[in-house]
$ cat work_31.cif   # mmCIF, C-alpha atoms
data_query
loop_
_atom_site.label_atom_id
_atom_site.label_comp_id
_atom_site.auth_asym_id
_atom_site.auth_seq_id
_atom_site.Cartn_x
_atom_site.Cartn_y
_atom_site.Cartn_z
CA MET B 1 56.70 29.63 0.30
CA SER B 2 58.96 27.47 -1.75
CA ILE B 3 57.15 24.15 -1.29
CA GLN B 4 54.05 23.44 -3.31
CA LEU B 5 51.86 20.45 -2.54
CA GLU B 6 50.52 18.27 -5.31
CA GLN B 7 46.96 16.94 -5.20
CA LYS B 8 48.23 13.71 -3.57
CA PRO B 9 51.52 14.16 -1.72
CA ALA B 10 52.87 11.43 0.53
CA LEU B 11 54.85 12.13 3.67
CA VAL B 12 57.92 9.89 3.79
CA VAL B 13 59.65 9.70 7.19
CA ILE B 14 63.14 8.20 7.00
CA ASP B 15 64.77 6.12 9.77
CA LEU B 16 63.25 7.73 12.87
CA GLN B 17 63.99 4.58 14.81
CA VAL B 18 65.51 3.82 18.18
CA GLY B 19 68.90 2.59 16.92
CA ILE B 20 69.64 5.52 14.63
CA LEU B 21 68.77 8.37 16.97
CA GLY B 22 71.80 7.87 19.21
CA TYR B 23 74.21 9.40 16.69
CA PRO B 24 75.36 13.04 17.07
CA ALA B 25 73.44 15.53 14.94
CA ALA B 26 73.26 19.22 14.05
CA HIS B 27 69.75 19.74 15.36
CA PRO B 28 68.01 18.36 18.44
CA LYS B 29 66.48 15.01 17.61
CA GLU B 30 63.45 15.87 19.75
CA GLN B 31 62.68 18.71 17.30
CA ILE B 32 63.07 16.42 14.29
CA ILE B 33 60.79 13.82 15.86
CA ALA B 34 58.19 16.40 16.97
CA ASN B 35 58.08 18.05 13.52
CA SER B 36 57.83 14.70 11.72
CA ALA B 37 55.09 13.53 14.10
CA ALA B 38 53.10 16.76 13.58
CA LEU B 39 53.36 16.34 9.82
CA ALA B 40 52.30 12.69 10.03
CA GLU B 41 49.18 13.62 12.04
CA ALA B 42 48.31 16.39 9.57
CA PHE B 43 48.76 14.15 6.52
CA ARG B 44 46.59 11.47 8.14
CA ALA B 45 43.91 14.04 9.02
CA HIS B 46 43.75 15.03 5.34
CA GLY B 47 43.57 11.42 4.14
CA LEU B 48 47.05 11.60 2.59
CA PRO B 49 49.57 8.75 2.63
CA VAL B 50 52.12 8.54 5.45
CA VAL B 51 55.14 6.33 4.81
CA LEU B 52 57.28 5.23 7.75
CA VAL B 53 60.66 3.84 6.72
CA ASN B 54 63.11 2.01 8.93
CA VAL B 55 66.43 0.41 8.12
CA ASP B 56 67.48 -3.10 9.05
CA GLY B 57 71.07 -3.59 8.00
CA SER B 58 72.80 -2.42 4.87
CA ALA B 59 73.56 -3.37 1.32
CA VAL B 60 76.24 -6.05 0.95
CA GLY B 61 78.93 -3.83 -0.61
CA ARG B 62 82.23 -3.23 1.18
CA THR B 63 82.98 0.29 2.38
CA ASP B 64 85.97 1.92 4.03
CA ARG B 65 83.72 3.08 6.85
CA GLY B 66 82.43 -0.46 7.38
CA LYS B 67 85.97 -1.83 7.50
CA ALA B 68 86.99 0.81 10.04
CA THR B 69 84.02 0.10 12.33
CA GLY B 70 83.97 -3.67 11.87
CA ARG B 71 80.43 -3.51 10.39
CA ILE B 72 80.12 -5.86 7.47
CA GLY B 73 77.52 -5.04 4.83
CA GLY B 74 74.40 -7.15 4.61
CA ARG B 75 74.01 -7.85 8.31
CA SER B 76 70.71 -7.23 10.03
CA LEU B 77 70.49 -4.89 13.00
CA ALA B 78 69.34 -5.94 16.45
CA ALA B 79 65.52 -6.00 16.38
CA GLU B 80 65.17 -3.48 19.20
CA THR B 81 67.15 -0.88 17.19
CA THR B 82 64.81 -1.00 14.18
CA VAL B 83 61.67 -0.01 16.12
CA LEU B 84 60.16 3.30 15.00
CA VAL B 85 59.97 5.99 17.68
CA PRO B 86 56.59 5.94 19.45
CA GLU B 87 56.02 9.66 18.83
CA LEU B 88 55.22 8.84 15.19
CA ASN B 89 52.05 7.14 16.43
CA GLN B 90 52.20 4.48 13.74
CA ARG B 91 48.76 3.56 12.41
CA PRO B 92 47.52 0.55 10.43
CA SER B 93 46.78 2.90 7.51
CA ASP B 94 50.44 3.97 7.29
CA ILE B 95 52.64 2.50 4.61
CA THR B 96 55.63 0.91 6.34
CA VAL B 97 58.76 -0.25 4.54
CA THR B 98 62.01 -1.70 5.83
CA LYS B 99 65.05 -0.94 3.73
CA ARG B 100 68.49 -2.51 3.48
CA SER B 101 70.09 0.34 1.58
CA LEU B 102 70.65 4.05 2.07
CA GLY B 103 67.52 5.05 0.16
CA ALA B 104 63.97 3.81 0.62
CA PHE B 105 63.27 2.79 -2.99
CA LEU B 106 65.88 0.32 -4.20
CA THR B 107 65.42 -2.50 -1.67
CA THR B 108 61.68 -2.08 -1.05
CA ASP B 109 58.37 -1.94 -2.89
CA LEU B 110 57.88 1.72 -1.96
CA ASP B 111 57.47 2.89 -5.56
CA ALA B 112 54.64 0.41 -6.18
CA LYS B 113 52.96 1.33 -2.88
CA LEU B 114 53.14 5.07 -3.65
CA LYS B 115 51.79 4.57 -7.16
CA ASN B 116 48.99 2.40 -5.77
CA ALA B 117 48.12 5.24 -3.37
CA GLY B 118 48.11 7.73 -6.26
CA ALA B 119 51.00 9.80 -4.88
CA THR B 120 52.89 12.04 -7.30
CA GLN B 121 55.00 13.85 -4.71
CA ILE B 122 56.99 12.89 -1.64
CA VAL B 123 57.52 15.21 1.31
CA LEU B 124 60.67 14.07 3.10
CA THR B 125 61.72 14.17 6.76
CA GLY B 126 64.06 12.08 8.90
CA VAL B 127 67.67 11.08 9.39
CA SER B 128 70.19 11.34 8.17
CA THR B 129 69.99 14.26 5.78
CA THR B 130 72.92 13.11 3.62
CA SER B 131 72.24 9.38 3.65
CA GLY B 132 68.67 8.14 4.02
CA VAL B 133 66.92 11.38 3.07
CA GLU B 134 69.17 12.35 0.16
CA SER B 135 69.36 8.82 -1.26
CA THR B 136 65.59 8.49 -1.13
CA ALA B 137 65.19 11.89 -2.78
CA ARG B 138 67.57 11.04 -5.62
CA SER B 139 65.67 7.85 -6.44
CA ALA B 140 62.29 9.60 -6.15
CA TYR B 141 63.43 12.36 -8.49
CA ASP B 142 64.72 9.79 -11.00
CA LEU B 143 61.39 7.92 -10.77
CA GLY B 144 59.48 11.11 -11.63
CA TYR B 145 58.12 12.16 -8.24
CA HIS B 146 58.08 15.79 -7.21
CA VAL B 147 60.26 16.03 -4.10
CA ALA B 148 59.83 18.38 -1.15
CA PHE B 149 62.29 18.62 1.74
CA VAL B 150 61.15 19.72 5.20
CA THR B 151 64.48 21.11 6.36
CA ASP B 152 63.56 21.56 10.03
CA ALA B 153 62.40 17.94 10.24
CA MET B 154 65.72 16.33 9.27
CA THR B 155 69.24 16.28 10.66
CA ASP B 156 72.79 15.02 10.26
CA ASN B 157 76.14 16.37 11.37
CA LEU B 158 76.11 20.13 10.77
CA GLU B 159 78.56 20.36 7.87
CA ALA B 160 76.99 17.48 5.94
CA HIS B 161 73.43 18.65 6.66
CA ASN B 162 74.17 22.16 5.39
CA ALA B 163 75.96 20.87 2.29
CA SER B 164 72.92 18.80 1.25
CA ILE B 165 70.46 21.61 1.91
CA GLU B 166 72.52 24.27 0.18
CA HIS B 167 73.97 22.35 -2.75
CA GLN B 168 72.11 19.11 -3.46
CA PHE B 169 68.47 19.52 -2.47
CA PRO B 170 67.74 22.55 -4.71
CA LYS B 171 68.66 20.31 -7.68
CA LEU B 172 66.22 17.60 -6.58
CA GLY B 173 63.19 19.44 -5.25
CA GLU B 174 61.70 22.22 -3.18
CA LEU B 175 62.68 23.23 0.35
CA GLY B 176 60.48 24.46 3.18
CA THR B 177 59.67 24.17 6.84
CA THR B 178 57.20 22.20 8.92
CA ALA B 179 55.12 25.35 9.47
CA GLU B 180 54.92 25.99 5.72
CA VAL B 181 53.76 22.45 4.95
CA LEU B 182 51.21 22.52 7.77
CA GLU B 183 49.90 25.86 6.46
CA LEU B 184 49.53 24.42 2.95
CA LEU B 185 47.64 21.42 4.33
CA THR B 186 45.34 23.65 6.37
CA ALA B 187 44.55 25.75 3.29
CA ARG B 188 43.39 22.69 1.29
#
$ encode --input "work_31.cif" --output "structure tokens"
Amino acid sequence: MSIQLEQKPALVVIDLQVGILGYPAAHPKEQIIANSAALAEAFRAHGLPVVLVNVDGSAVGRTDRGKATGRIGGRSLAAETTVLVPELNQRPSDITVTKRSLGAFLTTDLDAKLKNAGATQIVLTGVSTTSGVESTARSAYDLGYHVAFVTDAMTDNLEAHNASIEHQFPKLGELGTTAEVLELLTAR
């Protein structure tokens, strides 16, 4: 197994919300949701932090993509699109953050919440691999967290997804599968 779990890892689920899941992706979204939900239940059962992240809008910077689609930075999304998918079974004990950037650290208090929970590692799932997941991983790595990627619990378009997994993620952390992480949790 390539993933190792620290004494206090935190599961961080990125953008599994109603409005994001309509975009085309390399892997079936049902699989990504089911794997993330199984991990969330296992982390909760072991008394480990579960972080559910959603996005509501974007940073204010101009982008070529935003100009092409007519989406201006800084705008909030429609409230119904920011709702986390019910399969995650959100609990009051979960840490929930709403971001307005690609990554989950820069526009939230996630770092403080993770430190308060004693977490030294984040285990990442969600969408999209190259945006929300990778941006969160880069910040986490820079902040000194150990980073683990659950590659069968994240998706993007196929070419982008594979590029992150093959070229970027090995520089930022460890890669593994849902089954491997669940096995490590069971062995604790």
$ atom_distance --input "work_31.cif" --atom1 "CA of Glu87 (chain B)" --atom2 "CA of Gly47 (chain B)"
19.3 Å
$ resolve_selection --input "work_31.cif" --expression "the PyMOL selection byres ((chain B and resi 142) around 12)" --output "ChimeraX atom specification"
/B:105-106,111,135-141,143-147,171-173
$ atom_distance --input "work_31.cif" --atom1 "CA of Gln90 (chain B)" --atom2 "CA of Leu48 (chain B)"
14.2 Å
$ closest_residue --input "work_31.cif" --among "B:Asn162, B:Thr98, B:Thr130, B:Gln4" --to "Ala148 (chain B)" --atoms "all atoms listed in the file"
B:Gln4
$ closest_residue --input "work_31.cif" --among "B:Val150, B:Ala179, B:Leu110, B:Leu39" --to "Leu124 (chain B)" --atoms "only C-alpha atoms"
B:Val150
$ atom_distance --input "work_31.cif" --atom1 "CA of Ala153 (chain B)" --atom2 "CA of Val85 (chain B)"
14.3 Å
$ closest_residue --input "work_31.cif" --among "B:Ser2, B:Leu84, B:Val50, B:Ile95" --to "Thr177 (chain B)" --atoms "all atoms listed in the file"
B:Ser2
$ resolve_selection --input "work_31.cif" --expression "the PyMOL selection byres ((chain B and resi 113) around 12)" --output "PDB file with C-alpha atoms, in the coordinates of the input"
ATOM      1  CA  ALA B  10      52.870  11.430   0.530  1.00  0.00           C
ATOM      2  CA  VAL B  12      57.920   9.890   3.790  1.00  0.00           C
ATOM      3  CA  PRO B  49      49.570   8.750   2.630  1.00  0.00           C
ATOM      4  CA  VAL B  50      52.120   8.540   5.450  1.00  0.00           C
ATOM      5  CA  VAL B  51      55.140   6.330   4.810  1.00  0.00           C
ATOM      6  CA  ASP B  94      50.440   3.970   7.290  1.00  0.00           C
ATOM      7  CA  ILE B  95      52.640   2.500   4.610  1.00  0.00           C
ATOM      8  CA  THR B  96      55.630   0.910   6.340  1.00  0.00           C
ATOM      9  CA  VAL B  97      58.760  -0.250   4.540  1.00  0.00           C
ATOM     10  CA  ALA B 104      63.970   3.810   0.620  1.00  0.00           C
ATOM     11  CA  PHE B 105      63.270   2.790  -2.990  1.00  0.00           C
ATOM     12  CA  THR B 108      61.680  -2.080  -1.050  1.00  0.00           C
ATOM     13  CA  ASP B 109      58.370  -1.940  -2.890  1.00  0.00           C
ATOM     14  CA  LEU B 110      57.880   1.720  -1.960  1.00  0.00           C
ATOM     15  CA  ASP B 111      57.470   2.890  -5.560  1.00  0.00           C
ATOM     16  CA  ALA B 112      54.640   0.410  -6.180  1.00  0.00           C
ATOM     17  CA  LEU B 114      53.140   5.070  -3.650  1.00  0.00           C
ATOM     18  CA  LYS B 115      51.790   4.570  -7.160  1.00  0.00           C
ATOM     19  CA  ASN B 116      48.990   2.400  -5.770  1.00  0.00           C
ATOM     20  CA  ALA B 117      48.120   5.240  -3.370  1.00  0.00           C
ATOM     21  CA  GLY B 118      48.110   7.730  -6.260  1.00  0.00           C
ATOM     22  CA  ALA B 119      51.000   9.800  -4.880  1.00  0.00           C
ATOM     23  CA  THR B 120      52.890  12.040  -7.300  1.00  0.00           C
TER      24      THR B 120
END
$ closest_residue --input "work_31.cif" --among "B:Gly126, B:Pro92, B:Pro9, B:Gly19" --to "Ile33 (chain B)" --atoms "all atoms listed in the file"
B:Gly126
$ closest_residue --input "work_31.cif" --among "B:Ala160, B:Leu185, B:Leu88, B:Val123" --to "Val18 (chain B)" --atoms "all atoms listed in the file"
B:Leu88
$ closest_residue --input "work_31.cif" --among "B:Val127, B:Ile122, B:Ile165, B:Val133" --to "Leu5 (chain B)" --atoms "all atoms listed in the file"
B:Ile122
$ resolve_selection --input "work_31.cif" --expression "the PyMOL selection byres ((chain B and resi 30) around 12)" --output "VMD selection string"
chain B and resid 16 21 to 22 25 to 29 31 to 37 85 87 to 88 126 152 to 155
$ axis_aligned_box --input "work_31.cif" --around "region 114-123 of chain B" --padding-each-side "3 Å" --output "JSON"
{"center_x": 52.8, "center_y": 8.8, "center_z": -3.0, "size_x": 15.4, "size_y": 18.8, "size_z": 14.6}
